[in-house]
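Engineer: For reference, this is start_27.cif, and it has mmCIF, C-alpha atoms.
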data_query
#
loop_
_atom_site.label_atom_id
_atom_site.label_comp_id
_atom_site.auth_asym_id
_atom_site.auth_seq_id
_atom_site.Cartn_x
_atom_site.Cartn_y
_atom_site.Cartn_z
CA MET D 239 0.00 0.00 0.00
CA PRO D 240 1.53 3.38 -1.01
CA PHE D 241 1.53 5.30 2.29
CA CYS D 242 3.22 8.70 2.47
CA ASP D 243 6.72 9.07 3.88
CA GLN D 244 6.47 12.50 5.49
CA SER D 245 4.12 14.83 7.34
CA LYS D 246 2.48 17.95 5.87
CA ASN D 247 1.14 20.94 7.74
CA ASN D 248 -1.70 22.00 5.46
CA LEU D 249 -4.23 19.34 6.44
CA ASP D 250 -6.64 21.93 7.82
CA GLU D 251 -7.44 22.87 4.23
CA LEU D 252 -8.29 19.26 3.35
CA GLN D 253 -11.98 18.38 3.38
CA GLU D 254 -11.34 14.76 4.38
CA PHE D 255 -9.31 15.92 7.38
CA GLN D 256 -12.13 18.18 8.52
CA LEU D 257 -14.64 15.34 8.18
CA LEU D 258 -12.29 13.01 10.07
CA GLU D 259 -11.91 15.52 12.90
CA ASP D 260 -15.69 15.94 13.08
CA GLU D 261 -16.15 12.22 13.59
CA MET D 262 -13.33 11.85 16.13
CA SER D 263 -14.55 14.84 18.14
CA LYS D 264 -17.22 12.40 19.40
CA TYR D 265 -14.56 10.03 20.77
CA LYS D 266 -15.01 9.29 24.51
CA THR D 267 -17.92 11.72 24.79
CA LEU D 268 -21.65 11.13 25.29
CA ASN D 269 -21.85 10.98 21.49
CA HIS D 270 -19.20 8.26 21.22
CA GLU D 271 -21.67 5.59 20.04
CA ASN D 272 -22.53 7.71 17.01
CA ILE D 273 -19.03 7.62 15.53
CA SER D 274 -19.13 6.30 11.94
CA TRP D 275 -16.04 4.13 12.12
CA ASP D 276 -16.28 3.19 8.45
CA LYS D 277 -15.89 6.89 7.60
CA VAL D 278 -12.98 7.26 10.04
CA TYR D 279 -11.33 4.29 8.31
CA GLN D 280 -11.94 5.74 4.84
CA TYR D 281 -10.84 9.31 5.62
CA SER D 282 -7.75 8.36 7.64
CA GLN D 283 -6.58 5.84 5.05
CA PHE D 284 -7.06 8.41 2.28
CA ILE D 285 -5.00 11.02 4.18
CA LEU D 286 -2.20 8.60 5.05
CA MET D 287 -1.95 7.41 1.46
CA GLN D 288 -2.45 10.65 -0.46
CA HIS D 289 -1.39 13.51 1.79
CA SER D 290 0.51 13.01 5.04
CA LEU D 291 1.98 10.40 7.37
CA GLU D 292 0.64 12.22 10.42
CA PHE D 293 0.60 10.21 13.65
CA LYS D 294 -2.67 11.50 15.02
CA THR D 295 -4.23 10.22 11.79
CA CYS D 296 -2.33 6.93 12.24
CA ASN D 297 -3.99 6.53 15.64
CA TYR D 298 -7.40 7.32 14.17
CA PHE D 299 -6.77 4.67 11.52
CA LEU D 300 -5.74 2.17 14.21
CA LEU D 301 -8.88 2.83 16.29
CA SER D 302 -11.11 2.45 13.24
CA CYS D 303 -9.57 -0.95 12.47
CA PHE D 304 -10.32 -2.23 15.97
CA ASN D 305 -13.86 -0.89 15.92
CA LEU D 306 -14.59 -2.37 12.48
CA ASN D 307 -12.75 -5.52 13.66
CA ASN D 308 -12.23 -6.90 10.20
CA GLN D 309 -9.52 -9.06 8.66
CA GLU D 310 -8.97 -6.75 5.71
CA CYS D 311 -8.70 -3.68 7.95
CA PHE D 312 -5.96 -5.33 10.00
CA GLU D 313 -4.12 -6.35 6.84
CA LYS D 314 -4.03 -2.65 5.86
CA LEU D 315 -2.92 -1.72 9.37
CA LEU D 316 -0.13 -4.29 9.12
CA PHE D 317 0.98 -2.60 5.86
CA LEU D 318 1.16 0.71 7.74
CA PHE D 319 3.43 -0.72 10.46
CA GLN D 320 5.58 -2.44 7.80
CA HIS D 321 5.86 0.90 6.02
CA LEU D 322 7.03 2.61 9.22
CA LYS D 323 9.61 -0.14 9.74
CA LYS D 324 10.84 0.26 6.16
CA LEU D 325 11.24 4.03 6.63
CA MET D 326 13.21 3.46 9.83
CA ASP D 327 15.49 1.01 8.04
CA GLU D 328 16.04 3.65 5.33
CA ASN D 329 16.89 6.29 7.97
CA ASN D 330 14.06 8.52 6.80
CA ASP D 331 14.66 11.96 8.35
CA TYR D 332 11.05 12.51 9.35
CA ILE D 333 10.55 9.06 10.87
CA LEU D 334 13.76 9.26 12.89
CA THR D 335 12.27 12.24 14.74
CA GLN D 336 9.04 10.34 15.45
CA LYS D 337 10.34 7.31 17.35
CA ARG D 338 8.38 8.13 20.49
CA LYS D 339 5.15 8.42 18.49
CA ILE D 340 5.82 5.09 16.78
CA GLN D 341 6.36 3.51 20.19
CA ASN D 342 3.07 4.98 21.44
CA LEU D 343 1.27 3.77 18.32
CA ILE D 344 2.45 0.19 18.93
CA GLN D 345 1.54 0.40 22.61
CA ASN D 346 -1.94 1.63 21.62
CA PHE D 347 -2.28 -1.33 19.28
CA ILE D 348 -1.34 -3.84 21.98
CA GLN D 349 -3.63 -2.18 24.52
CA GLU D 350 -6.59 -2.28 22.12
CA TYR D 351 -5.76 -5.83 21.07
CA ASN D 352 -5.65 -7.17 24.62
CA LYS D 353 -9.08 -5.77 25.48
CA THR D 354 -10.79 -6.77 22.21
CA GLU D 355 -11.86 -10.13 20.85
CA VAL D 356 -9.96 -9.54 17.65
CA LEU D 357 -11.38 -11.22 14.54
CA ILE D 358 -8.22 -11.84 12.56
CA SER D 359 -6.34 -14.95 11.56
CA PRO D 360 -3.48 -16.31 13.71
CA GLU D 361 -1.14 -15.75 10.75
CA ILE D 362 -1.78 -11.99 10.76
CA THR D 363 -1.32 -11.86 14.55
CA LYS D 364 2.02 -13.65 14.23
CA GLN D 365 3.16 -11.07 11.68
CA PHE D 366 2.30 -8.25 14.09
CA ILE D 367 4.20 -10.00 16.90
CA ALA D 368 7.29 -10.55 14.74
CA LEU D 369 7.21 -6.96 13.50
CA PHE D 370 6.86 -5.49 16.99
CA SER D 371 9.82 -7.59 18.10
CA GLU D 372 11.91 -5.89 15.39
CA PHE D 373 10.64 -2.49 16.53
CA GLU D 374 11.80 -3.28 20.08
CA ALA D 375 15.38 -3.45 18.83
CA LEU D 376 15.02 -0.29 16.74
CA LEU D 377 13.35 1.71 19.50
CA SER D 378 15.32 0.25 22.41
CA CYS D 379 12.20 -0.66 24.38
CA ASN D 380 10.06 -3.62 25.43
CA PHE D 381 6.39 -4.01 24.54
CA ALA D 382 3.69 -5.94 26.36
CA LYS D 383 2.87 -9.30 24.82
CA ILE D 384 -0.18 -10.14 22.74
CA GLU D 385 -1.77 -13.57 22.83
CA ILE D 386 -2.68 -15.49 19.67
CA ALA D 387 -5.40 -17.29 21.64
CA GLN D 388 -7.58 -14.20 21.38
CA THR D 389 -7.96 -14.54 17.64
CA SER D 390 -10.96 -16.10 15.94
CA THR D 391 -11.28 -18.15 12.80
CA GLN D 392 -14.73 -16.68 12.05
CA LEU D 393 -13.67 -13.75 9.93
CA PRO D 394 -16.22 -11.12 8.85
CA LYS D 395 -16.85 -9.67 5.42
CA SER D 396 -14.74 -6.99 3.82
CA PRO D 397 -15.38 -3.47 5.16
CA VAL D 398 -15.63 -1.98 1.70
CA THR D 399 -19.39 -2.39 1.53
CA GLN D 400 -19.79 -0.34 4.71
CA VAL D 401 -18.31 2.78 3.20
CA SER D 402 -20.88 5.27 1.94
CA VAL D 403 -20.94 8.73 0.46
CA ASN D 404 -23.61 11.38 0.86
CA ILE D 405 -24.25 13.19 -2.43
CA LYS D 406 -24.93 16.79 -1.44
CA SER D 407 -24.57 18.20 -4.93
CA ASP D 408 -27.20 18.05 -7.68
CA ASN D 409 -24.51 17.22 -10.26
CA ILE D 410 -22.63 13.93 -9.96
CA ASN D 411 -19.66 15.36 -11.84
CA SER D 412 -19.21 18.02 -9.16
CA LEU D 413 -18.24 15.28 -6.68
CA ASN D 414 -14.61 15.33 -5.65
CA GLU D 415 -12.42 12.44 -6.74
CA ARG D 416 -12.89 10.40 -3.56
CA GLU D 417 -16.69 10.80 -3.57
CA TYR D 418 -16.85 10.00 -7.28
CA LYS D 419 -14.85 6.79 -6.82
CA ILE D 420 -16.95 5.67 -3.84
CA PHE D 421 -20.21 6.37 -5.69
CA TYR D 422 -19.36 4.17 -8.68
CA GLN D 423 -17.62 1.55 -6.53
CA LYS D 424 -20.74 1.25 -4.39
CA LEU D 425 -22.93 0.76 -7.45
CA ALA D 426 -20.55 -1.88 -8.82
CA PHE D 427 -20.40 -3.76 -5.51
CA GLU D 428 -24.18 -3.71 -5.04
CA LEU D 429 -24.63 -5.14 -8.51
CA LEU D 430 -21.91 -7.72 -7.80
CA GLU D 431 -23.82 -8.88 -4.71
CA GLU D 432 -26.99 -9.32 -6.79
CA ASP D 433 -25.39 -11.09 -9.74
CA GLU D 434 -21.65 -11.64 -9.96
CA ASN D 435 -21.93 -12.42 -13.69
CA ASN D 436 -23.55 -9.11 -14.65
CA LEU D 437 -21.22 -7.52 -17.19
CA ASN D 438 -22.22 -3.96 -16.30
CA ILE D 439 -20.21 -4.32 -13.09
CA TYR D 440 -17.02 -3.79 -15.08
CA ALA D 441 -18.23 -0.58 -16.73
CA LEU D 442 -19.04 0.84 -13.28
CA PHE D 443 -15.74 -0.42 -11.86
CA THR D 444 -13.65 1.20 -14.61
CA GLN D 445 -15.69 4.40 -14.24
CA ALA D 446 -14.73 4.46 -10.55
CA MET D 447 -11.11 3.78 -11.46
CA TRP D 448 -10.64 6.14 -14.43
CA GLY D 449 -13.71 8.37 -14.66
CA LYS D 450 -11.96 11.40 -13.18
CA ILE D 451 -8.66 10.90 -15.02
CA LYS D 452 -8.28 13.33 -17.92
CA CYS D 453 -4.48 13.35 -18.28
CA LEU D 454 -1.35 11.49 -17.25
CA PRO D 455 0.28 12.26 -13.87
CA GLU D 456 3.06 14.84 -13.71
CA CYS D 457 6.61 13.59 -14.07
CA ASN D 458 10.19 14.90 -14.12
CA ASN D 459 12.60 14.87 -17.05
CA GLU D 460 13.30 11.18 -16.46
CA LYS D 461 9.53 10.47 -16.71
CA ILE D 462 9.42 9.52 -13.02
CA THR D 463 6.12 10.36 -11.32
CA LYS D 464 5.26 10.72 -7.64
CA ILE D 465 3.07 7.62 -7.79
CA ARG D 466 4.19 4.78 -5.53
CA LYS D 467 4.13 1.29 -6.97
CA PRO D 468 2.05 -1.18 -4.92
CA ASP D 469 4.44 -3.37 -3.01
CA ALA D 470 4.83 -7.14 -2.82
CA ASP D 471 2.45 -7.38 0.15
CA ILE D 472 -0.40 -5.99 -1.95
CA ILE D 473 0.33 -8.52 -4.70
CA ARG D 474 0.45 -11.31 -2.11
CA ILE D 475 -2.98 -10.33 -0.75
CA LEU D 476 -4.49 -10.15 -4.24
CA LEU D 477 -3.10 -13.52 -5.29
CA SER D 478 -3.97 -15.37 -2.08
CA ASP D 479 -7.15 -17.44 -2.09
CA LYS D 480 -10.29 -15.85 -0.63
CA LYS D 481 -13.32 -17.63 0.79
CA ASN D 482 -15.44 -16.79 -2.26
CA ASP D 483 -15.09 -15.22 -5.70
CA ILE D 484 -17.18 -12.14 -4.91
CA GLU D 485 -14.92 -11.11 -2.01
CA HIS D 486 -11.86 -11.76 -4.18
CA ILE D 487 -13.25 -9.60 -7.02
CA LYS D 488 -14.02 -6.82 -4.52
CA CYS D 489 -10.47 -7.04 -3.20
CA PHE D 490 -9.05 -6.59 -6.70
CA MET D 491 -11.43 -3.76 -7.56
CA GLN D 492 -10.82 -1.86 -4.34
CA GLU D 493 -7.03 -1.91 -4.72
CA LEU D 494 -7.16 -1.00 -8.43
CA ILE D 495 -9.55 1.92 -7.80
CA LEU D 496 -7.00 3.21 -5.29
CA ASN D 497 -4.18 2.61 -7.82
CA PRO D 498 -5.68 3.49 -11.24
CA PHE D 499 -2.30 3.67 -13.02
CA TRP D 500 -1.18 0.21 -11.83
CA ILE D 501 -1.73 -1.43 -15.22
CA GLU D 502 0.13 -4.58 -14.22
CA GLY D 503 -2.38 -4.97 -11.35
CA ILE D 504 -5.20 -4.93 -13.90
CA GLN D 505 -3.36 -7.67 -15.78
CA LEU D 506 -3.28 -9.71 -12.54
CA PHE D 507 -7.05 -9.20 -12.27
CA CYS D 508 -7.43 -10.42 -15.86
CA HIS D 509 -5.43 -13.55 -15.03
CA PHE D 510 -7.75 -14.14 -12.06
CA LEU D 511 -10.86 -13.82 -14.27
CA GLU D 512 -9.32 -16.20 -16.80
CA LYS D 513 -8.55 -18.72 -14.04
CA LYS D 514 -12.16 -18.51 -12.84
CA LYS D 515 -13.40 -18.99 -16.44
CA LYS D 516 -15.18 -15.63 -16.41
CA ASN D 517 -14.41 -15.13 -20.08
CA LYS D 518 -16.96 -12.45 -20.89
CA GLN D 519 -15.87 -10.38 -17.91
CA LEU D 520 -12.26 -10.88 -18.97
CA ASP D 521 -12.98 -9.69 -22.52
CA ILE D 522 -14.75 -6.55 -21.30
CA LEU D 523 -12.03 -5.60 -18.83
CA MET D 524 -9.29 -6.11 -21.42
CA ILE D 525 -11.13 -3.97 -23.99
CA LEU D 526 -11.84 -1.17 -21.50
CA THR D 527 -8.23 -1.22 -20.30
CA SER D 528 -6.95 -1.15 -23.87
CA ASN D 529 -9.19 1.86 -24.57
CA PHE D 530 -7.82 3.64 -21.52
CA ILE D 531 -4.11 3.15 -22.20
CA SER D 532 -4.60 3.91 -25.92
CA LYS D 533 -5.75 7.42 -25.02
CA PHE D 534 -2.27 8.29 -23.71
CA GLU D 535 0.55 7.97 -26.21
CA THR D 536 3.34 8.37 -23.64
CA ILE D 537 1.98 6.10 -20.91
CA GLU D 538 4.63 3.47 -21.74
CA LEU D 539 7.36 5.99 -20.86
CA LEU D 540 6.10 6.89 -17.39
CA ARG D 541 7.65 5.37 -14.29
CA PHE D 542 6.63 4.86 -10.69
CA GLN D 543 8.50 6.66 -7.93
CA ASN D 544 10.90 3.71 -7.63
CA GLY D 545 11.78 3.85 -11.35
CA ASP D 546 9.70 0.86 -12.51
CA PHE D 547 7.55 1.42 -15.60
CA ILE D 548 3.88 2.18 -14.96
CA CYS D 549 2.92 0.20 -18.06
CA LYS D 550 5.72 -2.15 -19.11
CA GLU D 551 6.04 -3.00 -22.78
CA GLU D 552 4.84 -6.58 -22.34
CA VAL D 553 1.83 -5.39 -20.31
CA TYR D 554 0.99 -2.77 -22.95
CA LYS D 555 1.16 -5.40 -25.71
CA TYR D 556 -0.99 -7.77 -23.64
CA PHE D 557 -3.92 -5.35 -23.74
CA ILE D 558 -3.39 -3.82 -27.20
CA LYS D 559 -3.11 -7.21 -28.90
CA ALA D 560 -6.19 -8.37 -27.03
CA LYS D 561 -8.10 -5.44 -28.48
CA GLU D 562 -7.00 -6.31 -32.01
CA HIS D 563 -8.14 -9.93 -31.60
CA LYS D 564 -11.47 -9.01 -30.06
CA LYS D 565 -12.67 -6.05 -32.12
CA SER D 566 -15.95 -7.82 -32.76
CA LEU D 567 -16.79 -8.08 -29.05
CA PHE D 568 -18.77 -4.81 -29.00
CA SER D 569 -19.99 -4.81 -32.61
CA ILE D 570 -23.56 -5.73 -31.61
CA LYS D 571 -25.96 -3.00 -32.71
CA LYS D 572 -27.87 -1.09 -30.07
CA THR D 573 -31.38 -2.34 -29.40
CA ASN D 574 -33.91 -1.53 -26.72
CA LYS D 575 -33.68 -5.08 -25.40
CA GLU D 576 -29.97 -5.60 -25.11
CA GLN D 577 -26.98 -3.29 -24.61
CA THR D 578 -23.34 -4.15 -24.18
CA SER D 579 -21.18 -2.82 -21.36
CA GLN D 580 -19.58 -0.38 -23.82
CA ASP D 581 -23.04 0.91 -24.75
CA PHE D 582 -23.77 1.39 -21.05
CA GLU D 583 -20.62 3.46 -20.56
CA GLN D 584 -21.39 5.48 -23.71
CA MET D 585 -24.90 6.23 -22.47
CA LEU D 586 -23.45 7.67 -19.25
CA MET D 587 -21.02 9.77 -21.28
CA ASN D 588 -23.86 11.04 -23.51
CA ILE D 589 -25.84 12.11 -20.45
CA ASP D 590 -22.78 13.97 -19.20
CA LYS D 591 -22.41 15.81 -22.54
CA GLU D 592 -26.07 16.83 -22.57
CA ASN D 593 -25.67 18.47 -19.16
CA PHE D 594 -23.75 21.34 -20.73
CA ASN D 595 -24.68 24.25 -18.43
CA ASN D 596 -25.10 22.57 -15.03
CA SER D 597 -28.58 24.05 -14.59
CA ILE D 598 -31.12 22.55 -12.20
CA MET D 599 -33.26 21.50 -15.15
CA ASN D 600 -30.35 19.75 -16.90
CA ASN D 601 -29.24 18.10 -13.67
CA ILE D 602 -32.73 16.72 -13.08
CA ASN D 603 -32.92 15.49 -16.68
CA SER D 604 -29.57 13.75 -16.22
CA LEU D 605 -30.75 12.01 -13.06
CA LEU D 606 -34.01 10.97 -14.74
CA GLU D 607 -32.10 9.42 -17.64
CA MET D 608 -29.64 7.63 -15.32
CA ALA D 609 -32.53 6.22 -13.26
CA LYS D 610 -34.15 4.90 -16.46
CA ILE D 611 -30.90 3.30 -17.61
CA PHE D 612 -30.33 1.56 -14.27
CA GLU D 613 -33.91 0.30 -14.22
CA SER D 614 -33.64 -1.03 -17.78
CA LYS D 615 -30.48 -2.88 -16.74
CA GLY D 616 -32.22 -4.50 -13.79
CA MET D 617 -30.35 -2.37 -11.25
CA LYS D 618 -33.48 -1.52 -9.28
CA LYS D 619 -31.65 -0.56 -6.08
CA ASN D 620 -29.46 1.92 -7.92
CA SER D 621 -32.51 3.31 -9.74
CA LYS D 622 -34.27 3.72 -6.39
CA ILE D 623 -31.28 5.64 -4.95
CA LEU D 624 -31.44 8.13 -7.83
CA ASN D 625 -35.23 8.44 -7.60
CA ILE D 626 -34.99 9.21 -3.87
CA TYR D 627 -32.49 11.94 -4.66
CA LEU D 628 -34.67 13.20 -7.53
CA VAL D 629 -37.72 13.55 -5.29
CA GLU D 630 -35.68 15.43 -2.67
CA LEU D 631 -34.22 17.76 -5.31
CA MET D 632 -37.51 18.43 -7.11
CA GLU D 633 -39.31 19.22 -3.86
CA LYS D 634 -36.87 22.06 -3.30
CA THR D 635 -37.71 23.72 -6.64
CA LEU D 636 -40.73 24.81 -8.68
CA LEU D 637 -39.87 22.07 -11.15
CA LYS D 638 -41.97 19.68 -9.06
CA ASP D 639 -45.07 21.32 -10.57
CA TYR D 640 -43.61 21.74 -14.05
CA LEU D 641 -42.52 18.09 -14.11
CA ALA D 642 -45.52 16.75 -12.21
CA GLU D 643 -45.68 13.47 -14.12
CA GLU D 644 -41.96 12.75 -13.65
CA TYR D 645 -42.21 13.76 -9.97
CA GLU D 646 -45.12 11.39 -9.29
CA ASN D 647 -43.39 8.60 -11.23
CA ALA D 648 -40.22 9.00 -9.15
CA LYS D 649 -42.25 8.96 -5.93
CA ASN D 650 -44.00 5.75 -7.00
CA LYS D 651 -40.64 4.13 -7.79
CA ILE D 652 -39.43 4.52 -4.20
CA LYS D 653 -42.55 3.22 -2.46
#
Is it possible to give me this structure as structure tokens?
Structural biologist:
Amino acid sequence: MPFCDQSKNNLDELQEFQLLEDEMSKYKTLNHENISWDKVYQYSQFILMQHSLEFKTCNYFLLSCFNLNNQECFEKLLFLFQHLKKLMDENNDYILTQKRKIQNLIQNFIQEYNKTEVLISPEITKQFIALFSEFEALLSCNFAKIEIAQTSTQLPKSPVTQVSVNIKSDNINSLNEREYKIFYQKLAFELLEEDENNLNIYALFTQAMWGKIKCLPECNNEKITKIRKPDADIIRILLSDKKNDIEHIKCFMQELILNPFWIEGIQLFCHFLEKKKKNKQLDILMILTSNFISKFETIELLRFQNGDFICKEEVYKYFIKAKEHKKSLFSIKKTNKEQTSQDFEQMLMNIDKENFNNSIMNNINSLLEMAKIFESKGMKKNSKILNIYLVELMEKTLLKDYLAEEYENAKNKIK
């Protein structure tokens, strides 16, 4: 996981930091029970990965993991501690001044662990124990012991389905990048739970991954960007067997949405789909990936922060050649009865183009069209979400009377 390697002082200007502080202001108060720990997890992870390795945020992240008490959360927390250990080994200037805070963070972990019936595997616990033993030597201290006996083999579901986003704007394209990703990821995951073979999942997934990307990341003269390459631990997690295919697909999608320029990771996902004989899903993902990388002529030249290519030549050829061999995949003509995943993505893009002036009327029309599309695709829950939002929006304007038929239809859809 690409965590930051230094602290920044401008977090007060960051919306996610403000939202995180709002939630944690309830901690150990009469309002403690109302803390949305899934939001604390999401906001703190986002800050630690994208903005600053700030230790108050590290502690928030740690507390959220214990309160969600989920295997995947603790795997991410383990990555954070491994990252801190790596920075210490590299004599990182910032980390060397934070030894006391690292010690406190580990002590907080052990304290929370020993008072919680932790739902993680014994293997993960052993990795924490071994890592803390290495920290003892680096920090010249001794930590309390944690007992493997407290672990449970009954592991809960992934926390990704708990994360939500409240759409306060009347224009989906006005959402910030994090909100936009969560919105489309949520739709994809809900559809995945209903029918894991629905091909529209992959259009929504790639929209979450690339929908906000209009250009390549900045780089220096050597074409090196500031993007960190996912490490071996991420690859190990993705390639390890999960209890069911849906959870494994979610694991891939979540990591790739967080790392949209990790083209080799998408190739790993393709290999997984091929192994599971999900050939139609494989074809769609390969075509959509080929379309994405084809938009950027210089993507093959870009490198991660460590110097590795973002899209190695063999990976680039893997997707481009696949496109050449499968040009007929989306050649089916549009009909009212059947649309391909590419048609679905194009319909969303057409709606976006029609909303040219961001007026209330155009925004409502866009939402109406999206609700119709989701309903025609059998995504009734997603259609209901948009109709609920439509009713709320129309009730705040005079358009409720002007669009009386549409208003009544939307109300009937949510009953």
Engineer: Run the PyMOL selection byres ((chain D and resi 245) around 12) mentally over the shown coordinates, then write out the matched residues as a PyMOL selection string, using the chain letters and numbers from the document.
Structural biologist: chain D and resi 241-244+246-249+285-296+330-333+335-336
Engineer: Hey, which of D:Leu316, D:Met617, D:Asp469, D:Tyr418 ends up closest to Ile439 of chain D? Count only C-alpha atoms.
Structural biologist: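 Among the listed residues, D:Met617 lies closest to Ile439 of chain D.
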Engineer: Atom CA of Ile558 of chain D and atom CA of Ser528 of chain D are how many Å apart?
Structural biologist: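 Spanning atom CA of Ile558 of chain D to atom CA of Ser528 of chain D is a straight-line distance of 5.6 Å.
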Engineer: Just the residues within 8 Å of Phe443 of chain D, please, counting only C-alpha atoms, with nothing from its chain fewer than 6 positions along; format it as a list in words.
Structural biologist: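 Returned residues: Tyr422, Gln423, Ala426, Met491 and Ile495 of chain D.
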Engineer: Residues around (-13.0, 12.8, 11.2), cut-off 10 Å, counting all atoms listed in the file - what are they as a PyMOL selection string?
Structural biologist: chain D and resi 253-264+273-275+277-282+295+298
Engineer: What is the atom CA of Cys457 of chain D to atom CA of Thr536 of chain D distance in Å?
Structural biologist: 11.4 Å
Engineer: Between atom CA of Lys467 of chain D and atom CA of Cys508 of chain D, what is the spacing in Å?
Structural biologist: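 Taking atom CA of Cys508 of chain D and atom CA of Lys467 of chain D, their separation equals 18.7 Å.
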Engineer: With the file shown as input, list the residues that the PyMOL selection byres ((chain D and resi 361-363) around 12) selects, as a PyMOL selection string.
Structural biologist: chain D and resi 308-317+347-348+351-352+356-360+364-370+383-391+475
Engineer: Edge lengths and centre in Å to one decimal, as AutoDock Vina command-line options, is what I'm after for the box along x, y and z that holds all listed atoms of segment 370-375 of chain D once 6 Å is added on each side.
Structural biologist:
--center_x 11.1 --center_y -5.0 --center_z 17.7 --size_x 20.5 --size_y 17.1 --size_z 16.7
Engineer: Residues around (-9.0, -1.1, -17.5), cut-off 6 Å, counting all atoms listed in the file - what are they as a list of chain:residue names?
Structural biologist: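 Applying the cut-off with all atoms listed in the file, one gets D:Thr444, D:Leu523, D:Leu526, D:Thr527.
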Engineer: Report as number ranges by chain all protein, DNA and RNA residues lying within 12 Å of Gln345 of chain D, evaluated on all atoms listed in the file, omitting residues in the same chain fewer than 3 positions from it.
Structural biologist: D: 297, 300, 338-342, 348-352, 370, 373-374, 379-384
Engineer: Could you tell me which of D:Phe499, D:Phe427, D:Tyr440, D:Phe530 comes closest to Ile484 of chain D if we count all atoms listed in the file?
Structural biologist: D:Phe427
Engineer: Just say which residues the PyMOL selection byres ((chain D and resi 534) around 12) picks in this file, as a ChimeraX atom specification.
Structural biologist: /D:451-455,499,527-533,535-540,549,554
Engineer: What would the file look like if the residues just selected were written as an mmCIF file, keeping the file's coordinate frame with C-alpha atoms?
Structural biologist:
data_model
loop_
_atom_site.group_PDB
_atom_site.id
_atom_site.type_symbol
_atom_site.label_atom_id
_atom_site.label_comp_id
_atom_site.auth_asym_id
_atom_site.auth_seq_id
_atom_site.Cartn_x
_atom_site.Cartn_y
_atom_site.Cartn_z
ATOM 1 C CA ILE D 451 -8.660 10.900 -15.020
ATOM 2 C CA LYS D 452 -8.280 13.330 -17.920
ATOM 3 C CA CYS D 453 -4.480 13.350 -18.280
ATOM 4 C CA LEU D 454 -1.350 11.490 -17.250
ATOM 5 C CA PRO D 455 0.280 12.260 -13.870
ATOM 6 C CA PHE D 499 -2.300 3.670 -13.020
ATOM 7 C CA THR D 527 -8.230 -1.220 -20.300
ATOM 8 C CA SER D 528 -6.950 -1.150 -23.870
ATOM 9 C CA ASN D 529 -9.190 1.860 -24.570
ATOM 10 C CA PHE D 530 -7.820 3.640 -21.520
ATOM 11 C CA ILE D 531 -4.110 3.150 -22.200
ATOM 12 C CA SER D 532 -4.600 3.910 -25.920
ATOM 13 C CA LYS D 533 -5.750 7.420 -25.020
ATOM 14 C CA GLU D 535 0.550 7.970 -26.210
ATOM 15 C CA THR D 536 3.340 8.370 -23.640
ATOM 16 C CA ILE D 537 1.980 6.100 -20.910
ATOM 17 C CA GLU D 538 4.630 3.470 -21.740
ATOM 18 C CA LEU D 539 7.360 5.990 -20.860
ATOM 19 C CA LEU D 540 6.100 6.890 -17.390
ATOM 20 C CA CYS D 549 2.920 0.200 -18.060
ATOM 21 C CA TYR D 554 0.990 -2.770 -22.950
#
Engineer: Please list as a list in words every residue within 6 Å of segment 603-611 of chain D, counting all atoms listed in the file and excluding residues in the same chain fewer than 2 positions away.
Structural biologist: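 Here the qualifying residues turn out to be Ile589, Asn600, Asn601, Glu613, Ser614, Ser621 and Leu624 of chain D.
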